[in-house]
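Accompanying notes for the structure given below.
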Amino acid sequence: MISITDFTRGDLELLFIEADNIESRAKSKPLEGKVVALAFFEPSTRTRLSFETAVKRLGGSTLLISGEEAISVAKGENLADTITMLDSYADAIVIRHRYEGAALYAAEVAEKPVINGGDGRQHHPTQAMLDLYTVYRLFGSVDGLTYGVLGDLRYGRAASSFILGLTLFKPRHIYLVSPPQLRARREVLEVLEELGIPYTEVEKLQDVLGELDVLYVTRIQKERIPDPREYESLKGSYRVTLDLLESSAKETLKVLHPLPRVDEIDFSVDNSKYQAYFLQARLGVKVRMALLSLVMGG
Ligand code: NCD
């Protein structure tokens, strides 16, 4: 499972139904006796912990690699050897790595299922699954809504995967809102174009905010921007506040964010009717349980 576009709409609908029913499914411990390796070569809080709790709630156990410095990679072991080892110790591998293509490479080396937990700026399929599931839970459907995706669309894998995930459905319109330096990558725009998904690139959230049903906010990916001066010049260039939402947004707008947040959503939004990012994080456990149950649970 490398990219969200490895899946069909039907796959995701099945996943959503599984997620809706996962609590009762978990009672039969579908992962009993199964081991999932969590190979996190890059920092992670939510993705790692939600996979960990998902495996355990399904009756399975985890093996954890966290940070390159702690393991033999620091002694010069190559990724292929590390993956081959994990492949023989575990029944599935979740991998996060700073290099694009690392998960695909791992999937070529391993015999067991490989789930991409984020590879560089490229893909984060399970994040997109939980984002789409959150929309489905909030609105009853992913179709027919107007979306704004705000922030670092160039280096942010969560934003790219969310946009690609929307292409499996029928969004009314997608506004890609970013400073000019952080526009969505060509390969993502090409998918929108090929599939005829209506989208517009804009710089100012204020210009489109009133039309949106869902606002997906992302942080600037400081660690992936090659030039620190560029980050300094972009820092704080957009910020969603309660005042802004109250003055311009639809009453029913929902704000999503993959987290972690830096300063792009003001704390004033947290206790408002617009906030949906904590629900989103919570639903991440259900979605990852559903995915593991479908992939490994028989
Ligand atoms: C995202 C990631 O790692 O890409 N975080 C996450 O998994 N929830 C988003 C980010 O780091 O900005």
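For the structure tokens, the naming scheme is as follows: chains receive sequential letters (A, B, ...) according to their order of presentation, residues are indexed from 1 within each chain, and ligands are indexed from 1 in presentation order.
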| task | List every residue of stretch 58-217 of chain A that DSSP, applied to the backbone, labels as alpha helix (DSSP H), and write the result as a ChimeraX atom specification. | result | /A:79-89,102-109,125-139,157-166,186-194
For the structure I just gave you, how does DSSP split stretch 104-256 of chain A - specifically, which residues are strand (DSSP E or B)? Reply as a PDB file with all heavy atoms, in the first residue's frame.
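Saved the output as states28.pdb:
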```pdb
ATOM      1  N   VAL A 114       3.361  -4.437   2.802  1.00  0.00           N
ATOM      2  CA  VAL A 114       4.042  -3.217   3.249  1.00  0.00           C
ATOM      3  C   VAL A 114       3.052  -2.058   3.166  1.00  0.00           C
ATOM      4  O   VAL A 114       2.394  -1.863   2.142  1.00  0.00           O
ATOM      5  CB  VAL A 114       5.288  -2.920   2.387  1.00  0.00           C
ATOM      6  CG1 VAL A 114       5.855  -1.541   2.705  1.00  0.00           C
ATOM      7  CG2 VAL A 114       6.357  -3.991   2.619  1.00  0.00           C
ATOM      8  N   ILE A 115       2.949  -1.326   4.260  1.00  0.00           N
ATOM      9  CA  ILE A 115       2.072  -0.156   4.314  1.00  0.00           C
ATOM     10  C   ILE A 115       2.949   1.081   4.444  1.00  0.00           C
ATOM     11  O   ILE A 115       3.789   1.163   5.360  1.00  0.00           O
ATOM     12  CB  ILE A 115       1.099  -0.251   5.516  1.00  0.00           C
ATOM     13  CG1 ILE A 115       0.217  -1.496   5.399  1.00  0.00           C
ATOM     14  CG2 ILE A 115       0.251   1.022   5.617  1.00  0.00           C
ATOM     15  CD1 ILE A 115      -0.705  -1.740   6.592  1.00  0.00           C
ATOM     16  N   ASN A 116       2.754   2.018   3.534  1.00  0.00           N
ATOM     17  CA  ASN A 116       3.540   3.256   3.563  1.00  0.00           C
ATOM     18  C   ASN A 116       2.999   4.195   4.652  1.00  0.00           C
ATOM     19  O   ASN A 116       1.871   4.666   4.558  1.00  0.00           O
ATOM     20  CB  ASN A 116       3.440   3.911   2.175  1.00  0.00           C
ATOM     21  CG  ASN A 116       4.320   5.139   2.033  1.00  0.00           C
ATOM     22  OD1 ASN A 116       5.045   5.496   2.973  1.00  0.00           O
ATOM     23  ND2 ASN A 116       4.278   5.765   0.869  1.00  0.00           N
ATOM     24  N   GLY A 117       3.826   4.470   5.636  1.00  0.00           N
ATOM     25  CA  GLY A 117       3.440   5.416   6.696  1.00  0.00           C
ATOM     26  C   GLY A 117       3.970   6.814   6.425  1.00  0.00           C
ATOM     27  O   GLY A 117       4.042   7.635   7.342  1.00  0.00           O
ATOM     28  N   GLY A 118       4.334   7.067   5.159  1.00  0.00           N
ATOM     29  CA  GLY A 118       4.869   8.376   4.766  1.00  0.00           C
ATOM     30  C   GLY A 118       6.265   8.228   4.188  1.00  0.00           C
ATOM     31  O   GLY A 118       7.166   7.750   4.882  1.00  0.00           O
ATOM     32  N   ASP A 119       6.443   8.598   2.911  1.00  0.00           N
ATOM     33  CA  ASP A 119       7.782   8.562   2.315  1.00  0.00           C
ATOM     34  C   ASP A 119       8.139   9.956   1.787  1.00  0.00           C
ATOM     35  O   ASP A 119       7.580  10.420   0.794  1.00  0.00           O
ATOM     36  CB  ASP A 119       7.912   7.481   1.226  1.00  0.00           C
ATOM     37  CG  ASP A 119       7.019   7.701   0.005  1.00  0.00           C
ATOM     38  OD1 ASP A 119       5.870   8.160   0.186  1.00  0.00           O
ATOM     39  OD2 ASP A 119       7.480   7.440  -1.119  1.00  0.00           O
ATOM     40  N   HIS A 123       4.042  10.370  -0.506  1.00  0.00           N
ATOM     41  CA  HIS A 123       2.738   9.744  -0.234  1.00  0.00           C
ATOM     42  C   HIS A 123       2.518   9.476   1.247  1.00  0.00           C
ATOM     43  O   HIS A 123       3.477   9.194   1.988  1.00  0.00           O
ATOM     44  CB  HIS A 123       2.632   8.389  -0.952  1.00  0.00           C
ATOM     45  CG  HIS A 123       2.653   8.483  -2.443  1.00  0.00           C
ATOM     46  ND1 HIS A 123       1.699   9.178  -3.156  1.00  0.00           N
ATOM     47  CD2 HIS A 123       3.516   7.965  -3.358  1.00  0.00           C
ATOM     48  CE1 HIS A 123       1.975   9.072  -4.452  1.00  0.00           C
ATOM     49  NE2 HIS A 123       3.071   8.357  -4.601  1.00  0.00           N
ATOM     50  N   THR A 146     -17.258  21.163  -1.803  1.00  0.00           N
ATOM     51  CA  THR A 146     -16.191  22.061  -2.249  1.00  0.00           C
ATOM     52  C   THR A 146     -15.084  22.053  -1.193  1.00  0.00           C
ATOM     53  O   THR A 146     -15.343  22.295  -0.015  1.00  0.00           O
ATOM     54  CB  THR A 146     -16.748  23.476  -2.464  1.00  0.00           C
ATOM     55  OG1 THR A 146     -17.758  23.396  -3.481  1.00  0.00           O
ATOM     56  CG2 THR A 146     -15.653  24.441  -2.915  1.00  0.00           C
ATOM     57  N   TYR A 147     -13.885  21.746  -1.658  1.00  0.00           N
ATOM     58  CA  TYR A 147     -12.742  21.568  -0.765  1.00  0.00           C
ATOM     59  C   TYR A 147     -11.724  22.689  -0.958  1.00  0.00           C
ATOM     60  O   TYR A 147     -11.461  23.112  -2.087  1.00  0.00           O
ATOM     61  CB  TYR A 147     -12.031  20.243  -1.067  1.00  0.00           C
ATOM     62  CG  TYR A 147     -12.857  19.011  -0.757  1.00  0.00           C
ATOM     63  CD1 TYR A 147     -13.778  18.516  -1.679  1.00  0.00           C
ATOM     64  CD2 TYR A 147     -12.718  18.358   0.465  1.00  0.00           C
ATOM     65  CE1 TYR A 147     -14.544  17.392  -1.390  1.00  0.00           C
ATOM     66  CE2 TYR A 147     -13.482  17.233   0.756  1.00  0.00           C
ATOM     67  CZ  TYR A 147     -14.391  16.758  -0.174  1.00  0.00           C
ATOM     68  OH  TYR A 147     -15.143  15.648   0.119  1.00  0.00           O
ATOM     69  N   GLY A 148     -11.133  23.117   0.148  1.00  0.00           N
ATOM     70  CA  GLY A 148      -9.964  23.984   0.084  1.00  0.00           C
ATOM     71  C   GLY A 148      -8.814  23.241   0.732  1.00  0.00           C
ATOM     72  O   GLY A 148      -8.973  22.713   1.846  1.00  0.00           O
ATOM     73  N   VAL A 149      -7.688  23.140   0.051  1.00  0.00           N
ATOM     74  CA  VAL A 149      -6.507  22.517   0.654  1.00  0.00           C
ATOM     75  C   VAL A 149      -5.473  23.627   0.783  1.00  0.00           C
ATOM     76  O   VAL A 149      -5.018  24.183  -0.222  1.00  0.00           O
ATOM     77  CB  VAL A 149      -5.983  21.345  -0.202  1.00  0.00           C
ATOM     78  CG1 VAL A 149      -4.871  20.610   0.554  1.00  0.00           C
ATOM     79  CG2 VAL A 149      -7.102  20.378  -0.559  1.00  0.00           C
ATOM     80  N   LEU A 150      -5.161  23.965   2.027  1.00  0.00           N
ATOM     81  CA  LEU A 150      -4.374  25.166   2.310  1.00  0.00           C
ATOM     82  C   LEU A 150      -2.993  24.818   2.852  1.00  0.00           C
ATOM     83  O   LEU A 150      -2.875  23.980   3.746  1.00  0.00           O
ATOM     84  CB  LEU A 150      -5.114  26.014   3.363  1.00  0.00           C
ATOM     85  CG  LEU A 150      -4.347  27.177   4.000  1.00  0.00           C
ATOM     86  CD1 LEU A 150      -4.050  28.281   2.987  1.00  0.00           C
ATOM     87  CD2 LEU A 150      -5.124  27.758   5.194  1.00  0.00           C
ATOM     88  N   HIS A 173     -15.564  20.905  -6.340  1.00  0.00           N
ATOM     89  CA  HIS A 173     -14.440  21.738  -6.752  1.00  0.00           C
ATOM     90  C   HIS A 173     -13.334  21.616  -5.703  1.00  0.00           C
ATOM     91  O   HIS A 173     -13.631  21.437  -4.535  1.00  0.00           O
ATOM     92  CB  HIS A 173     -14.872  23.205  -6.862  1.00  0.00           C
ATOM     93  CG  HIS A 173     -13.962  24.010  -7.744  1.00  0.00           C
ATOM     94  ND1 HIS A 173     -14.199  24.205  -9.093  1.00  0.00           N
ATOM     95  CD2 HIS A 173     -12.787  24.640  -7.475  1.00  0.00           C
ATOM     96  CE1 HIS A 173     -13.209  24.923  -9.614  1.00  0.00           C
ATOM     97  NE2 HIS A 173     -12.348  25.199  -8.654  1.00  0.00           N
ATOM     98  N   ILE A 174     -12.095  21.694  -6.135  1.00  0.00           N
ATOM     99  CA  ILE A 174     -10.979  21.718  -5.181  1.00  0.00           C
ATOM    100  C   ILE A 174     -10.211  23.018  -5.385  1.00  0.00           C
ATOM    101  O   ILE A 174      -9.719  23.284  -6.489  1.00  0.00           O
ATOM    102  CB  ILE A 174     -10.008  20.528  -5.376  1.00  0.00           C
ATOM    103  CG1 ILE A 174     -10.754  19.190  -5.366  1.00  0.00           C
ATOM    104  CG2 ILE A 174      -8.927  20.534  -4.292  1.00  0.00           C
ATOM    105  CD1 ILE A 174      -9.860  17.971  -5.644  1.00  0.00           C
ATOM    106  N   TYR A 175     -10.125  23.833  -4.335  1.00  0.00           N
ATOM    107  CA  TYR A 175      -9.269  25.024  -4.367  1.00  0.00           C
ATOM    108  C   TYR A 175      -7.935  24.674  -3.716  1.00  0.00           C
ATOM    109  O   TYR A 175      -7.897  24.206  -2.572  1.00  0.00           O
ATOM    110  CB  TYR A 175      -9.929  26.183  -3.616  1.00  0.00           C
ATOM    111  CG  TYR A 175     -11.088  26.782  -4.368  1.00  0.00           C
ATOM    112  CD1 TYR A 175     -12.399  26.499  -3.985  1.00  0.00           C
ATOM    113  CD2 TYR A 175     -10.868  27.597  -5.478  1.00  0.00           C
ATOM    114  CE1 TYR A 175     -13.467  27.033  -4.691  1.00  0.00           C
ATOM    115  CE2 TYR A 175     -11.944  28.129  -6.188  1.00  0.00           C
ATOM    116  CZ  TYR A 175     -13.233  27.845  -5.786  1.00  0.00           C
ATOM    117  OH  TYR A 175     -14.288  28.367  -6.494  1.00  0.00           O
ATOM    118  N   LEU A 176      -6.874  24.874  -4.450  1.00  0.00           N
ATOM    119  CA  LEU A 176      -5.527  24.622  -3.930  1.00  0.00           C
ATOM    120  C   LEU A 176      -4.966  25.978  -3.504  1.00  0.00           C
ATOM    121  O   LEU A 176      -4.653  26.812  -4.355  1.00  0.00           O
ATOM    122  CB  LEU A 176      -4.667  23.978  -5.018  1.00  0.00           C
ATOM    123  CG  LEU A 176      -5.248  22.678  -5.602  1.00  0.00           C
ATOM    124  CD1 LEU A 176      -4.390  22.166  -6.756  1.00  0.00           C
ATOM    125  CD2 LEU A 176      -5.378  21.612  -4.525  1.00  0.00           C
ATOM    126  N   VAL A 177      -4.885  26.194  -2.198  1.00  0.00           N
ATOM    127  CA  VAL A 177      -4.572  27.519  -1.670  1.00  0.00           C
ATOM    128  C   VAL A 177      -3.178  27.513  -1.062  1.00  0.00           C
ATOM    129  O   VAL A 177      -2.937  26.829  -0.055  1.00  0.00           O
ATOM    130  CB  VAL A 177      -5.603  27.928  -0.581  1.00  0.00           C
ATOM    131  CG1 VAL A 177      -5.440  29.409  -0.251  1.00  0.00           C
ATOM    132  CG2 VAL A 177      -7.026  27.609  -0.994  1.00  0.00           C
ATOM    133  N   TYR A 199     -10.540  22.144 -10.514  1.00  0.00           N
ATOM    134  CA  TYR A 199      -9.706  22.718  -9.451  1.00  0.00           C
ATOM    135  C   TYR A 199      -9.210  24.089  -9.876  1.00  0.00           C
ATOM    136  O   TYR A 199      -9.169  24.415 -11.064  1.00  0.00           O
ATOM    137  CB  TYR A 199      -8.516  21.801  -9.111  1.00  0.00           C
ATOM    138  CG  TYR A 199      -7.376  21.858 -10.102  1.00  0.00           C
ATOM    139  CD1 TYR A 199      -6.291  22.726  -9.910  1.00  0.00           C
ATOM    140  CD2 TYR A 199      -7.375  21.053 -11.234  1.00  0.00           C
ATOM    141  CE1 TYR A 199      -5.252  22.782 -10.824  1.00  0.00           C
ATOM    142  CE2 TYR A 199      -6.334  21.100 -12.144  1.00  0.00           C
ATOM    143  CZ  TYR A 199      -5.269  21.970 -11.942  1.00  0.00           C
ATOM    144  OH  TYR A 199      -4.243  22.022 -12.832  1.00  0.00           O
ATOM    145  N   THR A 200      -8.851  24.887  -8.861  1.00  0.00           N
ATOM    146  CA  THR A 200      -8.297  26.214  -9.109  1.00  0.00           C
ATOM    147  C   THR A 200      -7.175  26.454  -8.110  1.00  0.00           C
ATOM    148  O   THR A 200      -7.328  26.143  -6.932  1.00  0.00           O
ATOM    149  CB  THR A 200      -9.375  27.312  -8.879  1.00  0.00           C
ATOM    150  OG1 THR A 200     -10.589  26.925  -9.529  1.00  0.00           O
ATOM    151  CG2 THR A 200      -8.926  28.660  -9.413  1.00  0.00           C
ATOM    152  N   GLU A 201      -6.058  26.996  -8.586  1.00  0.00           N
ATOM    153  CA  GLU A 201      -4.971  27.380  -7.676  1.00  0.00           C
ATOM    154  C   GLU A 201      -5.164  28.844  -7.279  1.00  0.00           C
ATOM    155  O   GLU A 201      -5.328  29.700  -8.166  1.00  0.00           O
ATOM    156  CB  GLU A 201      -3.625  27.206  -8.369  1.00  0.00           C
ATOM    157  CG  GLU A 201      -3.297  25.748  -8.670  1.00  0.00           C
ATOM    158  CD  GLU A 201      -1.915  25.586  -9.284  1.00  0.00           C
ATOM    159  OE1 GLU A 201      -1.798  25.824 -10.507  1.00  0.00           O
ATOM    160  OE2 GLU A 201      -0.969  25.249  -8.545  1.00  0.00           O
ATOM    161  N   VAL A 202      -5.158  29.104  -5.981  1.00  0.00           N
ATOM    162  CA  VAL A 202      -5.298  30.482  -5.507  1.00  0.00           C
ATOM    163  C   VAL A 202      -4.265  30.759  -4.418  1.00  0.00           C
ATOM    164  O   VAL A 202      -3.731  29.833  -3.805  1.00  0.00           O
ATOM    165  CB  VAL A 202      -6.719  30.791  -4.949  1.00  0.00           C
ATOM    166  CG1 VAL A 202      -7.755  30.800  -6.052  1.00  0.00           C
ATOM    167  CG2 VAL A 202      -7.132  29.817  -3.866  1.00  0.00           C
ATOM    168  N   VAL A 214     -15.204  22.022   3.220  1.00  0.00           N
ATOM    169  CA  VAL A 214     -14.097  21.438   3.983  1.00  0.00           C
ATOM    170  C   VAL A 214     -12.852  22.272   3.730  1.00  0.00           C
ATOM    171  O   VAL A 214     -12.518  22.568   2.579  1.00  0.00           O
ATOM    172  CB  VAL A 214     -13.817  19.979   3.527  1.00  0.00           C
ATOM    173  CG1 VAL A 214     -12.580  19.415   4.231  1.00  0.00           C
ATOM    174  CG2 VAL A 214     -15.026  19.080   3.775  1.00  0.00           C
ATOM    175  N   LEU A 215     -12.193  22.658   4.816  1.00  0.00           N
ATOM    176  CA  LEU A 215     -10.901  23.346   4.692  1.00  0.00           C
ATOM    177  C   LEU A 215      -9.843  22.447   5.309  1.00  0.00           C
ATOM    178  O   LEU A 215      -9.866  22.182   6.510  1.00  0.00           O
ATOM    179  CB  LEU A 215     -10.946  24.697   5.412  1.00  0.00           C
ATOM    180  CG  LEU A 215      -9.610  25.455   5.497  1.00  0.00           C
ATOM    181  CD1 LEU A 215      -9.044  25.759   4.112  1.00  0.00           C
ATOM    182  CD2 LEU A 215      -9.770  26.754   6.300  1.00  0.00           C
ATOM    183  N   TYR A 216      -8.928  21.947   4.465  1.00  0.00           N
ATOM    184  CA  TYR A 216      -7.863  21.041   4.914  1.00  0.00           C
ATOM    185  C   TYR A 216      -6.584  21.864   5.040  1.00  0.00           C
ATOM    186  O   TYR A 216      -6.031  22.329   4.041  1.00  0.00           O
ATOM    187  CB  TYR A 216      -7.695  19.921   3.880  1.00  0.00           C
ATOM    188  CG  TYR A 216      -6.794  18.781   4.307  1.00  0.00           C
ATOM    189  CD1 TYR A 216      -7.322  17.644   4.912  1.00  0.00           C
ATOM    190  CD2 TYR A 216      -5.420  18.821   4.103  1.00  0.00           C
ATOM    191  CE1 TYR A 216      -6.514  16.585   5.306  1.00  0.00           C
ATOM    192  CE2 TYR A 216      -4.598  17.770   4.495  1.00  0.00           C
ATOM    193  CZ  TYR A 216      -5.153  16.653   5.094  1.00  0.00           C
ATOM    194  OH  TYR A 216      -4.344  15.607   5.479  1.00  0.00           O
ATOM    195  N   VAL A 217      -6.147  22.070   6.270  1.00  0.00           N
ATOM    196  CA  VAL A 217      -5.002  22.952   6.532  1.00  0.00           C
ATOM    197  C   VAL A 217      -3.755  22.110   6.787  1.00  0.00           C
ATOM    198  O   VAL A 217      -3.841  21.052   7.429  1.00  0.00           O
ATOM    199  CB  VAL A 217      -5.275  23.842   7.772  1.00  0.00           C
ATOM    200  CG1 VAL A 217      -4.160  24.862   7.967  1.00  0.00           C
ATOM    201  CG2 VAL A 217      -6.622  24.548   7.657  1.00  0.00           C
ATOM    202  N   VAL A 240      -5.304  30.525  10.010  1.00  0.00           N
ATOM    203  CA  VAL A 240      -6.762  30.435  10.115  1.00  0.00           C
ATOM    204  C   VAL A 240      -7.157  30.808  11.541  1.00  0.00           C
ATOM    205  O   VAL A 240      -6.709  30.169  12.496  1.00  0.00           O
ATOM    206  CB  VAL A 240      -7.241  29.002   9.774  1.00  0.00           C
ATOM    207  CG1 VAL A 240      -8.744  28.886   9.939  1.00  0.00           C
ATOM    208  CG2 VAL A 240      -6.813  28.619   8.364  1.00  0.00           C
ATOM    209  N   LYS A 254     -16.146  22.648   7.895  1.00  0.00           N
ATOM    210  CA  LYS A 254     -15.334  21.875   8.842  1.00  0.00           C
ATOM    211  C   LYS A 254     -13.859  22.033   8.476  1.00  0.00           C
ATOM    212  O   LYS A 254     -13.489  21.960   7.302  1.00  0.00           O
ATOM    213  CB  LYS A 254     -15.712  20.388   8.803  1.00  0.00           C
ATOM    214  CG  LYS A 254     -17.117  20.124   9.289  1.00  0.00           C
ATOM    215  CD  LYS A 254     -17.292  20.446  10.770  1.00  0.00           C
ATOM    216  CE  LYS A 254     -18.732  20.271  11.214  1.00  0.00           C
ATOM    217  NZ  LYS A 254     -19.077  21.074  12.388  1.00  0.00           N
ATOM    218  N   VAL A 255     -13.044  22.251   9.513  1.00  0.00           N
ATOM    219  CA  VAL A 255     -11.607  22.440   9.326  1.00  0.00           C
ATOM    220  C   VAL A 255     -10.889  21.152   9.719  1.00  0.00           C
ATOM    221  O   VAL A 255     -11.036  20.665  10.840  1.00  0.00           O
ATOM    222  CB  VAL A 255     -11.088  23.617  10.179  1.00  0.00           C
ATOM    223  CG1 VAL A 255      -9.576  23.780  10.010  1.00  0.00           C
ATOM    224  CG2 VAL A 255     -11.807  24.912   9.812  1.00  0.00           C
ATOM    225  N   LEU A 256     -10.114  20.613   8.786  1.00  0.00           N
ATOM    226  CA  LEU A 256      -9.310  19.415   9.033  1.00  0.00           C
ATOM    227  C   LEU A 256      -7.834  19.793   9.032  1.00  0.00           C
ATOM    228  O   LEU A 256      -7.440  20.817   8.444  1.00  0.00           O
ATOM    229  CB  LEU A 256      -9.571  18.371   7.938  1.00  0.00           C
ATOM    230  CG  LEU A 256     -10.724  17.389   8.173  1.00  0.00           C
ATOM    231  CD1 LEU A 256     -12.055  18.105   8.194  1.00  0.00           C
ATOM    232  CD2 LEU A 256     -10.760  16.333   7.078  1.00  0.00           C
TER     233      LEU A 256
END
```
| field | Selected residue, from A:Gln280, A:Gln206, A:Thr53, A:Thr47, that lies nearest to ligand 1 when counting only C-alpha atoms and all ligand atoms | value | A:Thr47
Within 6 Å of ligand 1, which residues of chain A show up? Give each one with its shortest atom-to-atom distance in Å (one decimal) and the two atoms involved, counting only C-alpha atoms and all ligand atoms, rows by chain then rising residue number, as a Markdown table.
```
| residue | atom | partner | partner_atom_place_in_ligand_line | distance |
| --- | --- | --- | --- | --- |
| A:Arg46 | CA | ligand 1 | 8 (N) | 5.6 |
| A:Thr47 | CA | ligand 1 | 7 (O) | 5.1 |
| A:Arg157 | CA | ligand 1 | 4 (O) | 5.3 |
| A:Ala158 | CA | ligand 1 | 4 (O) | 4.9 |
| A:Arg219 | CA | ligand 1 | 12 (O) | 5.4 |
| A:Pro258 | CA | ligand 1 | 8 (N) | 4.4 |
| A:Leu259 | CA | ligand 1 | 8 (N) | 4.9 |
| A:Pro260 | CA | ligand 1 | 12 (O) | 5.8 |
```
| remark: What separates atom CA of A:Val191 and atom CA of A:Asp11 is a distance of 19.0 Å
So that each row is one residue of stretch 128-189 of chain A with an atom at most 12 Å from stretch 289-295 of chain A, can you give its shortest atom pair and the distance in Å to one decimal, using only C-alpha atoms, rows by chain and rising number, as CSV?
```
residue,atom,partner,partner_atom,distance
A:Met129,CA,A:Leu291,CA,9.3
A:Leu130,CA,A:Leu291,CA,10.3
A:Tyr133,CA,A:Ala290,CA,11.2
```
Just to be explicit: take each residue in the selection above, keep N, CA and C atoms, and write the result as a tab-separated table (two decimals), in the first residue's frame.
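The resulting out08.tsv:
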```
chain	number	residue	atom	x	y	z
A	129	MET	N	-6.69	8.09	3.83
A	129	MET	CA	-7.86	7.25	4.16
A	129	MET	C	-8.63	7.81	5.35
A	130	LEU	N	-7.88	8.21	6.38
A	130	LEU	CA	-8.59	8.71	7.56
A	130	LEU	C	-9.17	10.10	7.32
A	133	TYR	N	-12.32	9.40	5.38
A	133	TYR	CA	-13.30	8.80	6.29
A	133	TYR	C	-13.91	9.87	7.20
```
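The closest residue to A:Leu12, picked from A:Ile265, A:Ile220, A:Val142, A:Leu64 and counting only C-alpha atoms, is A:Val142.
Atom pair atom CA of A:Thr241 / atom CA of A:Val208: separated by 15.3 Å.
Residues with any atom within 12 Å of A:Asp266, counting only C-alpha atoms and excluding same-chain neighbours fewer than 4 positions away, are Val217, Gly236, Tyr238, Arg239, Val240, Thr241, Leu242, Asp243, Leu244, Leu245, Val255, Arg261, Val262, Asp270, Asn271, Ser272 and Gln275 of chain A.
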| Could you name the residues that touch stretch 180-190 of chain A at 10 Å or less, counting only C-alpha atoms, but leaving out those on the same chain fewer than 6 positions away, as a PyMOL selection string? | chain A and resi 122+149-156+159-161+163-164+196-197+199+201-203+220-221+225+230+234
Next, dump the selected residues to file, keeping only N, CA, C and O atoms, as a compact mmCIF listing (two decimals), in the first residue's frame.
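Below is the file part-v5.txt, written as the result:
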```
# COMPACT_ATOMS: atom_id res chain seq x y z
N GLN A 122 6.31 12.55 -0.64
CA GLN A 122 5.50 11.94 -1.68
C GLN A 122 4.11 11.44 -1.28
O GLN A 122 3.12 12.03 -1.69
N VAL A 149 -7.69 23.14 0.05
CA VAL A 149 -6.51 22.52 0.65
C VAL A 149 -5.47 23.63 0.78
O VAL A 149 -5.02 24.18 -0.22
N LEU A 150 -5.16 23.96 2.03
CA LEU A 150 -4.37 25.17 2.31
C LEU A 150 -2.99 24.82 2.85
O LEU A 150 -2.88 23.98 3.75
N GLY A 151 -1.97 25.46 2.32
CA GLY A 151 -0.66 25.36 2.96
C GLY A 151 0.44 24.90 2.03
O GLY A 151 0.56 25.37 0.90
N ASP A 152 1.24 23.97 2.55
CA ASP A 152 2.43 23.52 1.83
C ASP A 152 2.06 22.34 0.94
O ASP A 152 2.17 21.18 1.33
N LEU A 153 1.60 22.65 -0.26
CA LEU A 153 1.14 21.60 -1.17
C LEU A 153 2.32 21.03 -1.96
O LEU A 153 2.18 20.03 -2.66
N ARG A 154 3.46 21.66 -1.82
CA ARG A 154 4.64 21.21 -2.57
C ARG A 154 5.42 20.12 -1.84
O ARG A 154 5.76 19.10 -2.42
N TYR A 155 5.67 20.36 -0.55
CA TYR A 155 6.49 19.41 0.22
C TYR A 155 5.65 18.53 1.14
O TYR A 155 6.18 17.62 1.77
N GLY A 156 4.37 18.83 1.28
CA GLY A 156 3.54 18.09 2.24
C GLY A 156 2.92 16.85 1.62
O GLY A 156 2.12 16.94 0.70
N ALA A 159 -1.04 16.56 2.29
CA ALA A 159 -1.86 17.37 1.37
C ALA A 159 -1.96 16.69 0.00
O ALA A 159 -3.05 16.54 -0.56
N SER A 160 -0.81 16.25 -0.53
CA SER A 160 -0.83 15.60 -1.86
C SER A 160 -1.69 14.35 -1.84
O SER A 160 -2.48 14.12 -2.77
N SER A 161 -1.55 13.55 -0.78
CA SER A 161 -2.33 12.30 -0.73
C SER A 161 -3.81 12.58 -0.57
O SER A 161 -4.64 11.86 -1.12
N ILE A 163 -5.39 15.24 -1.77
CA ILE A 163 -5.85 15.70 -3.09
C ILE A 163 -6.03 14.48 -4.02
O ILE A 163 -7.05 14.34 -4.69
N LEU A 164 -5.02 13.60 -4.01
CA LEU A 164 -5.12 12.40 -4.87
C LEU A 164 -6.29 11.52 -4.44
O LEU A 164 -6.98 10.94 -5.28
N GLY A 196 -10.26 15.12 -15.09
CA GLY A 196 -11.26 16.18 -15.26
C GLY A 196 -11.85 16.68 -13.94
O GLY A 196 -13.02 17.07 -13.89
N ILE A 197 -11.07 16.63 -12.86
CA ILE A 197 -11.55 17.12 -11.56
C ILE A 197 -11.42 18.65 -11.57
O ILE A 197 -10.32 19.17 -11.79
N TYR A 199 -10.54 22.14 -10.51
CA TYR A 199 -9.71 22.72 -9.45
C TYR A 199 -9.21 24.09 -9.88
O TYR A 199 -9.17 24.42 -11.06
N GLU A 201 -6.06 27.00 -8.59
CA GLU A 201 -4.97 27.38 -7.68
C GLU A 201 -5.16 28.84 -7.28
O GLU A 201 -5.33 29.70 -8.17
N VAL A 202 -5.16 29.10 -5.98
CA VAL A 202 -5.30 30.48 -5.51
C VAL A 202 -4.26 30.76 -4.42
O VAL A 202 -3.73 29.83 -3.81
N GLU A 203 -4.01 32.06 -4.18
CA GLU A 203 -3.02 32.42 -3.17
C GLU A 203 -3.65 32.79 -1.84
O GLU A 203 -3.07 32.61 -0.78
N ILE A 220 3.72 24.27 7.08
CA ILE A 220 4.85 24.36 6.16
C ILE A 220 5.90 23.33 6.61
O ILE A 220 6.23 23.24 7.79
N GLN A 221 6.36 22.52 5.66
CA GLN A 221 7.25 21.40 5.98
C GLN A 221 8.69 21.90 6.11
O GLN A 221 9.52 21.68 5.22
N ILE A 225 12.13 21.83 3.27
CA ILE A 225 12.46 22.96 2.41
C ILE A 225 13.98 23.11 2.39
O ILE A 225 14.60 23.28 3.44
N GLU A 230 14.29 30.36 2.73
CA GLU A 230 12.99 30.28 2.09
C GLU A 230 11.91 29.99 3.15
O GLU A 230 10.83 30.58 3.14
N LEU A 234 8.58 32.28 4.33
CA LEU A 234 7.21 31.76 4.18
C LEU A 234 6.49 31.60 5.51
O LEU A 234 5.25 31.58 5.57
```
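Using only C-alpha atoms for every distance, the candidate list A:Leu49, A:Ile83, A:Met1, A:Ala19 yields A:Ala19 as the residue closest to A:Arg137.
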| note | atom CA of A:Phe16 to atom CA of A:Leu212 measures 23.3 Å
| request: May I have the residues within 8 Å of stretch 32-34 of chain A as a ChimeraX atom specification, using only C-alpha atoms and disregarding those fewer than 4 positions away in the same chain? | output: /A:58-61,90-91
